[in-house]
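K.L.:
Following this line is final_19.tsv, made up of TSV, C-alpha atoms and all ligand atoms:
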chain	number	residue	atom	x	y	z
A	1	MET	CA	241.63	-57.06	160.37
A	2	GLU	CA	244.09	-59.76	159.49
A	3	LYS	CA	242.80	-63.25	160.20
A	4	LEU	CA	245.48	-65.44	158.76
A	5	ARG	CA	249.01	-64.96	157.53
A	6	VAL	CA	251.39	-67.36	155.91
A	7	GLU	CA	255.11	-66.61	155.96
A	8	ASN	CA	257.65	-68.39	153.78
A	9	LEU	CA	255.56	-71.52	153.91
A	10	THR	CA	257.26	-74.52	152.35
A	11	LYS	CA	256.21	-78.12	152.05
A	12	VAL	CA	258.58	-80.65	150.54
A	13	PHE	CA	257.60	-84.27	149.97
A	14	GLY	CA	260.28	-86.94	150.20
A	15	LYS	CA	262.59	-88.68	152.62
A	16	HIS	CA	264.56	-85.73	153.94
A	17	PRO	CA	262.46	-82.66	153.28
A	18	LYS	CA	264.47	-80.33	155.52
A	19	LYS	CA	267.60	-80.95	153.49
A	20	ILE	CA	265.88	-79.46	150.45
A	21	LEU	CA	265.39	-76.04	152.08
A	22	GLN	CA	268.91	-74.90	151.27
A	23	LEU	CA	268.41	-75.75	147.59
A	24	LEU	CA	265.27	-73.63	147.57
A	25	GLU	CA	267.16	-70.82	149.21
A	26	ASP	CA	269.81	-71.11	146.49
A	27	GLY	CA	267.03	-70.44	144.00
A	28	LEU	CA	266.64	-73.90	142.50
A	29	LYS	CA	263.25	-74.60	140.94
A	30	ARG	CA	260.92	-77.51	141.56
A	31	ASP	CA	261.96	-79.40	138.41
A	32	GLU	CA	265.67	-79.26	139.11
A	33	ILE	CA	265.16	-80.25	142.73
A	34	PHE	CA	263.08	-83.23	141.72
A	35	LYS	CA	265.61	-84.35	139.11
A	36	THR	CA	268.57	-84.18	141.43
A	37	THR	CA	267.00	-85.27	144.73
A	38	GLN	CA	263.67	-87.07	144.03
A	39	HIS	CA	261.98	-84.65	146.41
A	40	THR	CA	258.87	-82.74	145.34
A	41	VAL	CA	258.46	-79.15	146.37
A	42	GLY	CA	254.68	-79.04	146.98
A	43	ILE	CA	254.90	-75.34	147.80
A	44	GLY	CA	257.97	-73.16	148.22
A	45	ASN	CA	258.24	-69.90	150.17
A	46	VAL	CA	254.61	-68.91	149.95
A	47	ASN	CA	253.55	-65.62	151.55
A	48	PHE	CA	250.11	-64.05	151.81
A	49	SER	CA	247.65	-62.76	154.35
A	50	VAL	CA	243.87	-62.96	154.49
A	51	GLU	CA	241.54	-60.46	156.08
A	52	GLU	CA	238.70	-61.45	158.35
A	53	GLY	CA	235.54	-61.96	156.28
A	54	GLU	CA	237.47	-62.12	153.04
A	55	THR	CA	237.03	-64.74	150.33
A	56	PHE	CA	240.59	-65.44	149.28
A	57	VAL	CA	240.94	-67.62	146.20
A	58	ILE	CA	244.01	-69.66	145.39
A	59	MET	CA	244.04	-70.49	141.71
A	60	GLY	CA	246.42	-72.66	139.77
A	61	LEU	CA	246.68	-75.51	137.29
A	62	SER	CA	246.54	-79.10	138.41
A	63	GLY	CA	249.74	-79.96	140.29
A	64	SER	CA	250.57	-76.35	141.13
A	65	GLY	CA	250.39	-77.09	144.87
A	66	LYS	CA	246.91	-75.85	145.77
A	67	SER	CA	245.89	-78.84	147.86
A	68	THR	CA	249.30	-79.01	149.48
A	69	LEU	CA	248.93	-75.40	150.52
A	70	ILE	CA	245.38	-75.56	151.84
A	71	ARG	CA	246.10	-78.78	153.73
A	72	CYS	CA	248.96	-76.98	155.48
A	73	LEU	CA	246.50	-74.44	156.86
A	74	ASN	CA	244.87	-76.97	159.15
A	75	LEU	CA	248.07	-79.00	159.46
A	76	LEU	CA	246.72	-82.01	157.59
A	77	ASN	CA	250.07	-81.43	155.91
A	78	LYS	CA	252.89	-80.65	158.25
A	79	PRO	CA	254.83	-77.77	156.68
A	80	THR	CA	258.56	-78.25	156.21
A	81	ALA	CA	259.28	-74.61	157.04
A	82	GLY	CA	257.58	-71.28	157.55
A	83	LYS	CA	254.83	-69.90	159.73
A	84	ILE	CA	251.06	-70.01	159.75
A	85	ILE	CA	249.73	-67.21	161.91
A	86	ILE	CA	246.03	-67.32	162.74
A	87	ASP	CA	244.63	-64.68	165.09
A	88	GLU	CA	248.23	-63.76	165.89
A	89	GLU	CA	249.21	-67.27	166.98
A	90	ASN	CA	251.60	-69.49	165.07
A	91	ILE	CA	249.56	-72.66	164.82
A	92	MET	CA	252.70	-74.65	164.11
A	93	ASP	CA	253.61	-74.16	167.79
A	94	TYR	CA	250.33	-75.69	168.99
A	95	ASP	CA	250.50	-78.78	171.17
A	96	LYS	CA	248.07	-81.66	170.60
A	97	LYS	CA	245.34	-80.22	172.76
A	98	GLN	CA	245.51	-76.77	171.19
A	99	MET	CA	245.49	-78.35	167.76
A	100	ARG	CA	242.38	-80.37	168.60
A	101	GLU	CA	240.59	-77.26	169.85
A	102	PHE	CA	241.66	-75.38	166.75
A	103	ARG	CA	240.34	-78.03	164.38
A	104	ARG	CA	237.08	-78.42	166.26
A	105	ASN	CA	236.23	-74.78	166.71
A	106	LYS	CA	238.05	-72.49	164.40
A	107	ILE	CA	238.44	-74.11	161.04
A	108	ALA	CA	236.49	-76.42	158.75
A	109	MET	CA	237.14	-77.90	155.35
A	110	VAL	CA	234.97	-78.71	152.34
A	111	PHE	CA	236.45	-81.26	149.93
A	112	GLN	CA	236.18	-81.74	146.19
A	113	HIS	CA	234.83	-85.26	146.50
A	114	PHE	CA	232.56	-84.30	149.36
A	115	GLY	CA	234.25	-86.48	151.99
A	116	LEU	CA	230.89	-87.65	153.32
A	117	PHE	CA	229.84	-90.98	154.85
A	118	SER	CA	227.73	-92.30	152.02
A	119	HIS	CA	225.96	-94.99	154.07
A	120	LYS	CA	224.83	-92.43	156.65
A	121	THR	CA	221.95	-90.00	156.39
A	122	VAL	CA	222.23	-86.35	155.51
A	123	ILE	CA	221.67	-85.19	159.05
A	124	GLU	CA	224.07	-87.74	160.53
A	125	ASN	CA	226.74	-86.33	158.28
A	126	VAL	CA	226.02	-82.76	159.29
A	127	GLU	CA	225.96	-83.72	162.97
A	128	PHE	CA	229.33	-85.41	162.73
A	129	GLY	CA	231.51	-82.44	163.65
A	130	LEU	CA	229.21	-81.47	166.51
A	131	GLU	CA	229.33	-85.00	167.82
A	132	ILE	CA	233.13	-84.95	167.92
A	133	LYS	CA	232.90	-81.68	169.75
A	134	GLY	CA	230.79	-83.42	172.40
A	135	GLU	CA	227.60	-81.43	171.81
A	136	LYS	CA	224.36	-82.83	173.27
A	137	LYS	CA	222.04	-84.78	171.00
A	138	GLU	CA	219.13	-82.30	170.99
A	139	TYR	CA	221.43	-79.38	170.26
A	140	ARG	CA	223.18	-81.32	167.49
A	141	TYR	CA	219.92	-82.17	165.82
A	142	LYS	CA	218.49	-78.69	166.07
A	143	LYS	CA	221.66	-76.99	164.86
A	144	SER	CA	222.03	-79.42	161.95
A	145	LEU	CA	218.45	-78.93	160.81
A	146	GLU	CA	218.96	-75.20	160.91
A	147	THR	CA	222.14	-75.44	158.88
A	148	LEU	CA	220.53	-77.72	156.31
A	149	LYS	CA	217.89	-75.07	155.85
A	150	THR	CA	220.56	-72.40	155.17
A	151	VAL	CA	222.02	-74.48	152.35
A	152	GLY	CA	218.62	-75.23	150.82
A	153	LEU	CA	218.24	-78.85	151.97
A	154	GLU	CA	215.24	-78.55	154.23
A	155	GLY	CA	213.32	-81.83	154.22
A	156	TRP	CA	216.28	-83.94	153.07
A	157	GLU	CA	217.64	-84.72	156.52
A	158	ASP	CA	216.72	-88.42	156.57
A	159	TYR	CA	217.87	-89.33	153.07
A	160	ARG	CA	221.01	-91.36	152.60
A	161	ILE	CA	223.93	-89.53	151.00
A	162	SER	CA	224.04	-92.12	148.22
A	163	ALA	CA	220.57	-91.02	147.12
A	164	LEU	CA	221.67	-87.43	146.50
A	165	SER	CA	222.94	-85.69	143.36
A	166	GLY	CA	226.44	-84.19	143.29
A	167	GLY	CA	225.18	-80.67	143.89
A	168	MET	CA	223.15	-81.78	146.89
A	169	LYS	CA	226.06	-83.75	148.28
A	170	GLN	CA	228.21	-80.65	148.22
A	171	ARG	CA	225.46	-78.73	149.99
A	172	VAL	CA	225.70	-81.34	152.72
A	173	GLY	CA	229.49	-80.88	152.75
A	174	LEU	CA	228.96	-77.16	153.16
A	175	ALA	CA	226.34	-77.67	155.88
A	176	ARG	CA	228.69	-79.96	157.78
A	177	ALA	CA	231.39	-77.29	157.68
A	178	LEU	CA	228.99	-74.51	158.68
A	179	ALA	CA	227.29	-76.42	161.51
A	180	ASN	CA	230.38	-76.04	163.67
A	181	ASP	CA	230.36	-72.27	163.21
A	182	PRO	CA	234.01	-72.16	162.20
A	183	GLU	CA	235.69	-68.81	161.71
A	184	ILE	CA	237.67	-70.04	158.72
A	185	ILE	CA	236.39	-72.31	155.96
A	186	LEU	CA	238.84	-74.04	153.65
A	187	MET	CA	237.36	-75.18	150.35
A	188	ASP	CA	239.46	-77.36	148.09
A	189	GLU	CA	237.90	-77.28	144.60
A	190	PRO	CA	234.48	-77.87	146.14
A	191	PHE	CA	232.55	-77.39	142.91
A	192	SER	CA	234.92	-78.94	140.37
A	193	ALA	CA	233.06	-82.23	140.25
A	194	LEU	CA	229.71	-80.58	139.52
A	195	ASP	CA	227.98	-79.92	136.20
A	196	PRO	CA	228.33	-76.33	134.95
A	197	LEU	CA	224.71	-75.37	135.67
A	198	ILE	CA	224.79	-76.80	139.18
A	199	ARG	CA	228.14	-75.15	139.71
A	200	ARG	CA	226.60	-71.82	138.81
A	201	ASP	CA	223.83	-72.35	141.37
A	202	MET	CA	226.44	-73.16	143.98
A	203	HIS	CA	228.34	-69.97	143.17
A	204	THR	CA	225.23	-67.89	143.73
A	205	GLU	CA	224.48	-69.83	146.88
A	206	LEU	CA	227.97	-69.32	148.26
A	207	LEU	CA	227.97	-65.59	147.46
A	208	ASP	CA	224.56	-65.25	149.14
A	209	LEU	CA	225.65	-67.19	152.19
A	210	GLN	CA	228.88	-65.28	152.47
A	211	SER	CA	227.12	-61.92	152.29
A	212	LYS	CA	225.26	-62.96	155.47
A	213	LEU	CA	227.88	-65.04	157.28
A	214	LYS	CA	231.05	-63.13	156.44
A	215	LYS	CA	233.34	-66.04	157.24
A	216	THR	CA	236.97	-66.03	156.28
A	217	ILE	CA	237.03	-68.33	153.26
A	218	ILE	CA	240.02	-69.79	151.50
A	219	PHE	CA	238.76	-71.18	148.24
A	220	ILE	CA	240.75	-73.25	145.82
A	221	THR	CA	240.05	-73.63	142.15
A	222	HIS	CA	241.70	-74.29	138.81
A	223	ASP	CA	238.91	-72.43	137.03
A	224	VAL	CA	239.75	-68.84	136.28
A	225	ASN	CA	236.13	-67.73	135.83
A	226	GLU	CA	235.19	-69.26	139.17
A	227	ALA	CA	238.15	-67.54	140.81
A	228	PHE	CA	237.21	-64.16	139.42
A	229	LYS	CA	233.56	-64.57	140.30
A	230	LEU	CA	234.05	-65.56	143.92
A	231	GLY	CA	237.32	-64.02	145.04
A	232	ASP	CA	237.71	-60.73	146.86
A	233	ARG	CA	241.36	-61.36	146.09
A	234	ILE	CA	243.10	-64.06	144.12
A	235	ALA	CA	246.53	-65.62	144.47
A	236	VAL	CA	247.84	-67.37	141.38
A	237	LEU	CA	250.00	-70.36	142.13
A	238	LYS	CA	252.48	-71.85	139.66
A	239	GLU	CA	254.78	-74.77	140.40
A	240	GLY	CA	254.41	-74.22	144.13
A	241	GLU	CA	255.04	-70.50	144.09
A	242	ILE	CA	252.77	-67.48	144.06
A	243	VAL	CA	253.04	-65.48	140.86
A	244	GLN	CA	250.58	-62.70	141.65
A	245	ILE	CA	248.10	-61.66	144.32
A	246	GLY	CA	245.44	-59.06	143.74
A	247	THR	CA	241.78	-58.21	143.38
A	248	PRO	CA	240.18	-59.45	140.15
A	249	GLU	CA	240.30	-55.89	138.77
A	250	GLU	CA	243.96	-55.46	139.68
A	251	ILE	CA	244.95	-58.71	138.02
A	252	LEU	CA	242.95	-57.95	134.89
A	253	GLU	CA	244.36	-54.46	134.62
A	254	ASN	CA	247.94	-55.23	135.59
A	255	PRO	CA	248.84	-58.84	134.92
A	256	GLU	CA	252.27	-59.49	136.39
A	257	ASN	CA	253.65	-61.40	133.40
A	258	GLU	CA	252.93	-63.49	130.33
A	259	TYR	CA	251.85	-66.46	132.44
A	260	ILE	CA	249.08	-64.46	134.10
A	261	ARG	CA	248.10	-62.84	130.79
A	262	ASN	CA	247.56	-66.29	129.30
A	263	PHE	CA	245.61	-67.39	132.32
A	264	ILE	CA	243.14	-64.54	132.14
A	265	GLN	CA	242.63	-64.36	128.41
A	266	ASP	CA	239.41	-66.36	128.47
A	267	ILE	CA	237.84	-64.34	131.19
A	268	ASP	CA	234.66	-62.45	130.57
A	269	ARG	CA	236.02	-59.06	131.56
A	270	SER	CA	232.67	-57.34	131.22
A	271	ARG	CA	231.43	-59.15	134.32
A	272	ILE	CA	234.40	-58.09	136.40
A	273	LEU	CA	235.38	-54.60	135.37
A	274	LYS	CA	233.23	-51.80	136.69
A	275	ALA	CA	232.59	-48.29	135.44
A	276	GLU	CA	235.27	-46.79	137.65
A	277	ASN	CA	237.87	-49.23	136.30
A	278	ILE	CA	237.47	-48.07	132.73
A	279	MET	CA	236.30	-44.47	133.05
A	280	ARG	CA	238.42	-41.49	132.31
A	281	LYS	CA	238.50	-39.15	135.29
A	282	SER	CA	236.93	-35.94	134.24
A	283	ILE	CA	238.83	-32.76	134.75
A	284	LEU	CA	236.65	-31.02	132.24
A	285	LYS	CA	233.58	-29.59	133.93
A	286	LEU	CA	231.38	-26.98	132.40
A	287	ASN	CA	228.73	-25.38	134.52
A	288	ASN	CA	225.30	-24.14	133.79
A	289	SER	CA	225.96	-20.50	134.66
A	290	GLN	CA	229.04	-20.18	132.46
A	291	LYS	CA	229.03	-17.93	129.43
A	292	PRO	CA	228.85	-20.12	126.30
A	293	LYS	CA	231.99	-18.43	124.97
A	294	ILE	CA	234.02	-19.46	128.03
A	295	ALA	CA	232.59	-22.96	127.90
A	296	LEU	CA	233.57	-23.23	124.23
A	297	GLU	CA	237.15	-22.22	125.02
A	298	ILE	CA	237.38	-24.81	127.76
A	299	LEU	CA	235.93	-27.50	125.54
A	300	ASP	CA	238.23	-26.57	122.63
A	301	ASP	CA	241.28	-26.72	124.89
A	302	SER	CA	240.35	-30.23	125.99
A	303	ASP	CA	240.58	-33.28	123.79
A	304	PHE	CA	236.93	-34.05	124.37
A	305	GLN	CA	234.19	-33.71	121.82
A	306	TYR	CA	231.44	-33.49	124.42
A	307	GLY	CA	231.39	-31.71	127.76
A	308	PHE	CA	229.13	-32.56	130.66
A	309	VAL	CA	227.54	-29.56	132.31
A	310	VAL	CA	227.16	-29.59	136.09
A	311	ASP	CA	224.97	-27.36	138.22
A	312	ARG	CA	227.07	-24.66	139.83
A	313	GLU	CA	225.52	-25.15	143.25
A	314	THR	CA	224.76	-28.86	143.54
A	315	ARG	CA	227.66	-30.12	141.34
A	316	LYS	CA	225.28	-32.66	139.81
A	317	ILE	CA	225.17	-33.21	136.07
A	318	VAL	CA	222.42	-31.36	134.30
A	319	GLY	CA	223.29	-31.81	130.63
A	320	VAL	CA	225.83	-32.39	127.89
A	321	VAL	CA	227.01	-30.11	125.06
A	322	GLU	CA	229.29	-30.19	122.06
A	323	ALA	CA	231.06	-27.31	120.34
A	324	ASP	CA	228.28	-26.79	117.78
A	325	ASP	CA	225.74	-26.28	120.56
A	326	LEU	CA	227.93	-23.63	122.16
A	327	ILE	CA	228.47	-21.88	118.85
A	328	ASP	CA	224.71	-21.88	118.37
A	329	ALA	CA	224.34	-20.36	121.85
A	330	ILE	CA	226.90	-17.63	121.13
A	331	LYS	CA	225.33	-16.75	117.77
A	332	ASN	CA	221.78	-16.72	119.00
A	333	LYS	CA	222.39	-15.30	122.47
A	334	LYS	CA	221.18	-18.39	124.29
A	335	THR	CA	222.37	-19.79	127.62
A	336	ILE	CA	224.13	-23.14	128.05
A	337	GLU	CA	220.99	-24.51	129.61
A	338	GLU	CA	219.01	-23.65	126.51
A	339	VAL	CA	221.32	-25.54	124.16
A	340	MET	CA	222.45	-28.50	126.26
A	341	HIS	CA	221.10	-32.00	125.68
A	342	LEU	CA	219.35	-33.96	128.38
A	343	ASP	CA	219.27	-37.41	126.80
A	344	TYR	CA	222.62	-38.55	128.19
A	345	ILE	CA	223.09	-41.61	130.36
A	346	THR	CA	224.66	-41.84	133.80
A	347	VAL	CA	225.88	-44.97	135.54
A	348	SER	CA	227.11	-45.55	139.05
A	349	LYS	CA	230.86	-46.16	139.46
A	350	ASP	CA	230.07	-49.72	140.65
A	351	GLU	CA	228.11	-50.74	137.61
A	352	TYR	CA	229.56	-53.62	135.59
A	353	VAL	CA	230.76	-53.03	132.04
A	354	LYS	CA	228.36	-55.73	130.87
A	355	GLU	CA	225.36	-53.65	131.91
A	356	ILE	CA	226.92	-50.45	130.61
A	357	ILE	CA	227.41	-51.95	127.15
A	358	GLU	CA	223.70	-52.65	126.93
A	359	LYS	CA	222.91	-49.06	127.82
A	360	ALA	CA	225.53	-47.61	125.50
A	361	TYR	CA	223.36	-48.39	122.49
A	362	GLU	CA	220.80	-45.89	123.70
A	363	THR	CA	223.00	-42.83	123.48
A	364	LYS	CA	225.47	-41.12	121.20
A	365	TYR	CA	227.13	-39.25	124.05
A	366	PRO	CA	229.83	-40.51	126.37
A	367	ILE	CA	228.42	-42.11	129.50
A	368	ALA	CA	228.71	-40.09	132.70
A	369	VAL	CA	229.92	-41.88	135.82
A	370	ILE	CA	228.70	-40.74	139.23
A	371	ASP	CA	229.70	-41.66	142.78
A	372	GLU	CA	227.54	-42.46	145.84
A	373	SER	CA	226.64	-38.81	146.28
A	374	GLU	CA	225.72	-38.57	142.60
A	375	ASN	CA	228.67	-36.32	141.88
A	376	TYR	CA	230.13	-36.48	138.42
A	377	ILE	CA	233.50	-38.25	138.61
A	378	GLY	CA	234.29	-39.49	135.14
A	379	ARG	CA	233.17	-40.46	131.68
A	380	ILE	CA	233.27	-43.53	129.53
A	381	GLN	CA	233.84	-43.08	125.81
A	382	ARG	CA	232.04	-45.65	123.75
A	383	GLY	CA	235.35	-46.78	122.27
A	384	SER	CA	236.85	-47.51	125.67
A	385	LEU	CA	233.97	-49.86	126.40
A	386	LEU	CA	235.11	-52.09	123.59
A	387	LYS	CA	238.76	-51.69	124.47
A	388	ALA	CA	238.01	-52.83	128.00
A	389	LEU	CA	236.90	-56.16	126.65
A	390	VAL	CA	240.08	-57.20	124.87
B	1	LIG	N1	251.77	-86.89	149.60
B	1	LIG	C1	252.52	-86.56	148.56
B	1	LIG	N2	253.70	-87.16	148.32
B	1	LIG	C2	254.48	-86.80	147.28
B	1	LIG	N3	254.17	-85.82	146.42
B	1	LIG	C3	253.01	-85.17	146.62
B	1	LIG	C4	252.12	-85.49	147.69
B	1	LIG	N4	251.05	-84.66	147.62
B	1	LIG	C5	251.25	-83.87	146.55
B	1	LIG	N5	252.42	-84.16	145.95
B	1	LIG	C6	252.99	-83.47	144.78
B	1	LIG	O1	253.03	-82.08	145.03
B	1	LIG	C7	252.68	-81.35	143.86
B	1	LIG	C8	251.48	-80.48	144.15
B	1	LIG	O2	250.33	-81.29	144.29
B	1	LIG	P1	248.92	-80.75	144.77
B	1	LIG	O3	249.11	-79.85	145.92
B	1	LIG	O4	248.03	-81.91	144.97
B	1	LIG	O5	248.46	-79.90	143.50
B	1	LIG	P2	247.03	-79.34	143.10
B	1	LIG	O6	246.11	-79.48	144.26
B	1	LIG	O7	247.29	-77.91	142.71
B	1	LIG	O8	246.59	-80.13	141.91
B	1	LIG	C9	252.44	-82.39	142.78
B	1	LIG	O9	253.61	-82.52	142.02
B	1	LIG	C10	252.12	-83.64	143.55
B	1	LIG	O10	252.50	-84.78	142.83
B	2	MG	MG	244.25	-80.42	144.46
Could you spell out this file's structure in structure tokens?
Ligand SMILES: Nc1ncnc2c1ncn2[C@@H]1O[C@H](COP(=O)(O)OP(=O)(O)O)[C@@H](O)[C@H]1O
Ligand SMILES: [Mg+2]
P.N.:
Amino acid sequence: MEKLRVENLTKVFGKHPKKILQLLEDGLKRDEIFKTTQHTVGIGNVNFSVEEGETFVIMGLSGSGKSTLIRCLNLLNKPTAGKIIIDEENIMDYDKKQMREFRRNKIAMVFQHFGLFSHKTVIENVEFGLEIKGEKKEYRYKKSLETLKTVGLEGWEDYRISALSGGMKQRVGLARALANDPEIILMDEPFSALDPLIRRDMHTELLDLQSKLKKTIIFITHDVNEAFKLGDRIAVLKEGEIVQIGTPEEILENPENEYIRNFIQDIDRSRILKAENIMRKSILKLNNSQKPKIALEILDDSDFQYGFVVDRETRKIVGVVEADDLIDAIKNKKTIEEVMHLDYITVSKDEYVKEIIEKAYETKYPIAVIDESENYIGRIQRGSLLKALV
């Protein structure tokens, strides 16, 4: 279900932002508009929608408009034009009271530089949002303790923020956002200030949390590996405009243009692409009750060297043969089952290329790919494993 939708969202900074809209409509780019009018197009005509429970990543270089965009979503930035539809309501039409309710109950934000009160204690920081909401003291305390536990900070409640490491501070930031039970969490480069190892812990933590909480998350980053690790889908932002939106696999397989190709060239594809993304769908299926002569004809007509043999009844793979095996069977009056090899490898369609590469060393045959019901759906040639990586 759609949770949030942004339509032609534009934010212009400067004295007369509305006057710039026509220039945008005429197709002028950010640079030209700045040169001629001294107005900055933070974002221009941005469109996307986010599903409930989705982690939607907005990725772009510094200055591409990421913060401008995310700050529009809770109206910290007032958009110059466009719509922000959340749960079917255009939040730009909200009056003050509706806006207050919205900020208190529906949405929360985690900031790059934590945005915590450093002279206060951990638990005071987490309680902050609940306090604004007017929750009772006992409830606030109990809820905050619980939330600290979820982010791995049990026992740290009475420490001052200034005594904490960066990673721990951001856990507090996350706890503060979660304590309010928001439906949408906005995260503006929350891990950028952390050391790589800590950042990796936080990634795991966030993925774990999200698998339980299933919040709608809008996550901003300039780091392509982070984007591809965390995002269900990714929108790439360039000079205030979206260049491409897609799942990590879609973007890797079909980059929209040179800009995106450059962006993704450093990505470790083996951790993103799965068996089904690189397999060749198998039309060739031999079965164990076929005559070897028929099987040989089928195999010869294909451009495959090896053929997987499936059981005629169950449709599950039972072996693999090559032409020489079938010739042996024909000559010596054996069945397919007697000549087929059993030391092939199967992988599930959801297995990552990285794991498949490790297994590929153990076999000389192509790797068989199976679906949830263990039916044979495709094969991976060893060569295509390597091709998938470049
Ligand atoms: N309050 C502001 N006033 C004027 N220009 C701004 C303001 N905020 C952001 N900008 C400009 O908008 C562009 C996008 O900035 P920002 O959204 O912060 O990018 P990012 O978060 O991707 O680094 C930049 O050129 C920036 O200078
Ligand atoms: Mg920013």
K.L.:
Could you list the protein, DNA and RNA residues that have any atom within 7 Å of ligand LIG 1 (chain B), counting only C-alpha atoms and all ligand atoms, and write them as a PyMOL selection string?
P.N.:
chain A and resi 13-14+40-42+60-69+240
K.L.:
Under the rule that all atoms listed in the file are counted, which of A:Arg103, A:Lys133, A:Arg71, A:Lys229 is the nearest residue to ligand MG 2 (chain B)?
P.N.:
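The answer is A:Arg71, which sits nearest to ligand MG 2 (chain B).
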K.L.:
Would you kindly return, as a PyMOL selection string, each protein, DNA or RNA residue with an atom no farther than 8 Å from any atom of segment 118-123 of chain A, considering all atoms listed in the file and excluding same-chain residues fewer than 2 positions away?
P.N.:
chain A and resi 116+125-127+141+144-145+156-162+172
K.L.:
Suppose you want the space between atom CA of Glu256 of chain A and atom CA of Gln244 of chain A; what is it in Å?
P.N.:
6.4 Å
K.L.:
Extract, using all atoms listed in the file, all DNA, RNA and protein residues at most 10 Å from segment 279-287 of chain A, discarding same-chain residues fewer than 2 positions from it, and format them as a VMD selection string.
P.N.:
chain A and resid 274 to 277 289 to 292 294 to 296 298 to 299 301 to 304 306 to 313 315 to 321 336 to 337 349 367 to 369 376 to 381 384 to 385 388
K.L.:
Store the residues picked out above, limited to C-alpha atoms, as a PDB file, in the coordinates of the input.
P.N.:
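Result file selection.pdb:
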ATOM      1  CA  LYS A 274     233.230 -51.800 136.690  1.00  0.00           C
ATOM      2  CA  ALA A 275     232.590 -48.290 135.440  1.00  0.00           C
ATOM      3  CA  GLU A 276     235.270 -46.790 137.650  1.00  0.00           C
ATOM      4  CA  ASN A 277     237.870 -49.230 136.300  1.00  0.00           C
ATOM      5  CA  SER A 289     225.960 -20.500 134.660  1.00  0.00           C
ATOM      6  CA  GLN A 290     229.040 -20.180 132.460  1.00  0.00           C
ATOM      7  CA  LYS A 291     229.030 -17.930 129.430  1.00  0.00           C
ATOM      8  CA  PRO A 292     228.850 -20.120 126.300  1.00  0.00           C
ATOM      9  CA  ILE A 294     234.020 -19.460 128.030  1.00  0.00           C
ATOM     10  CA  ALA A 295     232.590 -22.960 127.900  1.00  0.00           C
ATOM     11  CA  LEU A 296     233.570 -23.230 124.230  1.00  0.00           C
ATOM     12  CA  ILE A 298     237.380 -24.810 127.760  1.00  0.00           C
ATOM     13  CA  LEU A 299     235.930 -27.500 125.540  1.00  0.00           C
ATOM     14  CA  ASP A 301     241.280 -26.720 124.890  1.00  0.00           C
ATOM     15  CA  SER A 302     240.350 -30.230 125.990  1.00  0.00           C
ATOM     16  CA  ASP A 303     240.580 -33.280 123.790  1.00  0.00           C
ATOM     17  CA  PHE A 304     236.930 -34.050 124.370  1.00  0.00           C
ATOM     18  CA  TYR A 306     231.440 -33.490 124.420  1.00  0.00           C
ATOM     19  CA  GLY A 307     231.390 -31.710 127.760  1.00  0.00           C
ATOM     20  CA  PHE A 308     229.130 -32.560 130.660  1.00  0.00           C
ATOM     21  CA  VAL A 309     227.540 -29.560 132.310  1.00  0.00           C
ATOM     22  CA  VAL A 310     227.160 -29.590 136.090  1.00  0.00           C
ATOM     23  CA  ASP A 311     224.970 -27.360 138.220  1.00  0.00           C
ATOM     24  CA  ARG A 312     227.070 -24.660 139.830  1.00  0.00           C
ATOM     25  CA  GLU A 313     225.520 -25.150 143.250  1.00  0.00           C
ATOM     26  CA  ARG A 315     227.660 -30.120 141.340  1.00  0.00           C
ATOM     27  CA  LYS A 316     225.280 -32.660 139.810  1.00  0.00           C
ATOM     28  CA  ILE A 317     225.170 -33.210 136.070  1.00  0.00           C
ATOM     29  CA  VAL A 318     222.420 -31.360 134.300  1.00  0.00           C
ATOM     30  CA  GLY A 319     223.290 -31.810 130.630  1.00  0.00           C
ATOM     31  CA  VAL A 320     225.830 -32.390 127.890  1.00  0.00           C
ATOM     32  CA  VAL A 321     227.010 -30.110 125.060  1.00  0.00           C
ATOM     33  CA  ILE A 336     224.130 -23.140 128.050  1.00  0.00           C
ATOM     34  CA  GLU A 337     220.990 -24.510 129.610  1.00  0.00           C
ATOM     35  CA  LYS A 349     230.860 -46.160 139.460  1.00  0.00           C
ATOM     36  CA  ILE A 367     228.420 -42.110 129.500  1.00  0.00           C
ATOM     37  CA  ALA A 368     228.710 -40.090 132.700  1.00  0.00           C
ATOM     38  CA  VAL A 369     229.920 -41.880 135.820  1.00  0.00           C
ATOM     39  CA  TYR A 376     230.130 -36.480 138.420  1.00  0.00           C
ATOM     40  CA  ILE A 377     233.500 -38.250 138.610  1.00  0.00           C
ATOM     41  CA  GLY A 378     234.290 -39.490 135.140  1.00  0.00           C
ATOM     42  CA  ARG A 379     233.170 -40.460 131.680  1.00  0.00           C
ATOM     43  CA  ILE A 380     233.270 -43.530 129.530  1.00  0.00           C
ATOM     44  CA  GLN A 381     233.840 -43.080 125.810  1.00  0.00           C
ATOM     45  CA  SER A 384     236.850 -47.510 125.670  1.00  0.00           C
ATOM     46  CA  LEU A 385     233.970 -49.860 126.400  1.00  0.00           C
ATOM     47  CA  ALA A 388     238.010 -52.830 128.000  1.00  0.00           C
TER      48      ALA A 388
END
K.L.:
From the list A:Asn288, A:Gln170, A:Thr221, A:Ser165, which residue is nearest ligand MG 2 (chain B) when using only C-alpha atoms and all ligand atoms?
P.N.:
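So, comparing all the options, the nearest one is A:Thr221.
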K.L.:
Between A:Pro190, A:Gly246, A:Pro182, A:Pro366, which is the closest to Gly53 of chain A once you count only C-alpha atoms?
P.N.:
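With only C-alpha atoms as the atom set, the closest residue is A:Pro182.
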K.L.:
Taking all atoms listed in the file into account, name the residue in A:Glu362, A:Tyr344, A:Lys97, A:Glu239 that is nearest to Asp31 of chain A.
P.N.:
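Nearest candidate to Asp31 of chain A out of A:Glu362, A:Tyr344, A:Lys97, A:Glu239: A:Glu239.
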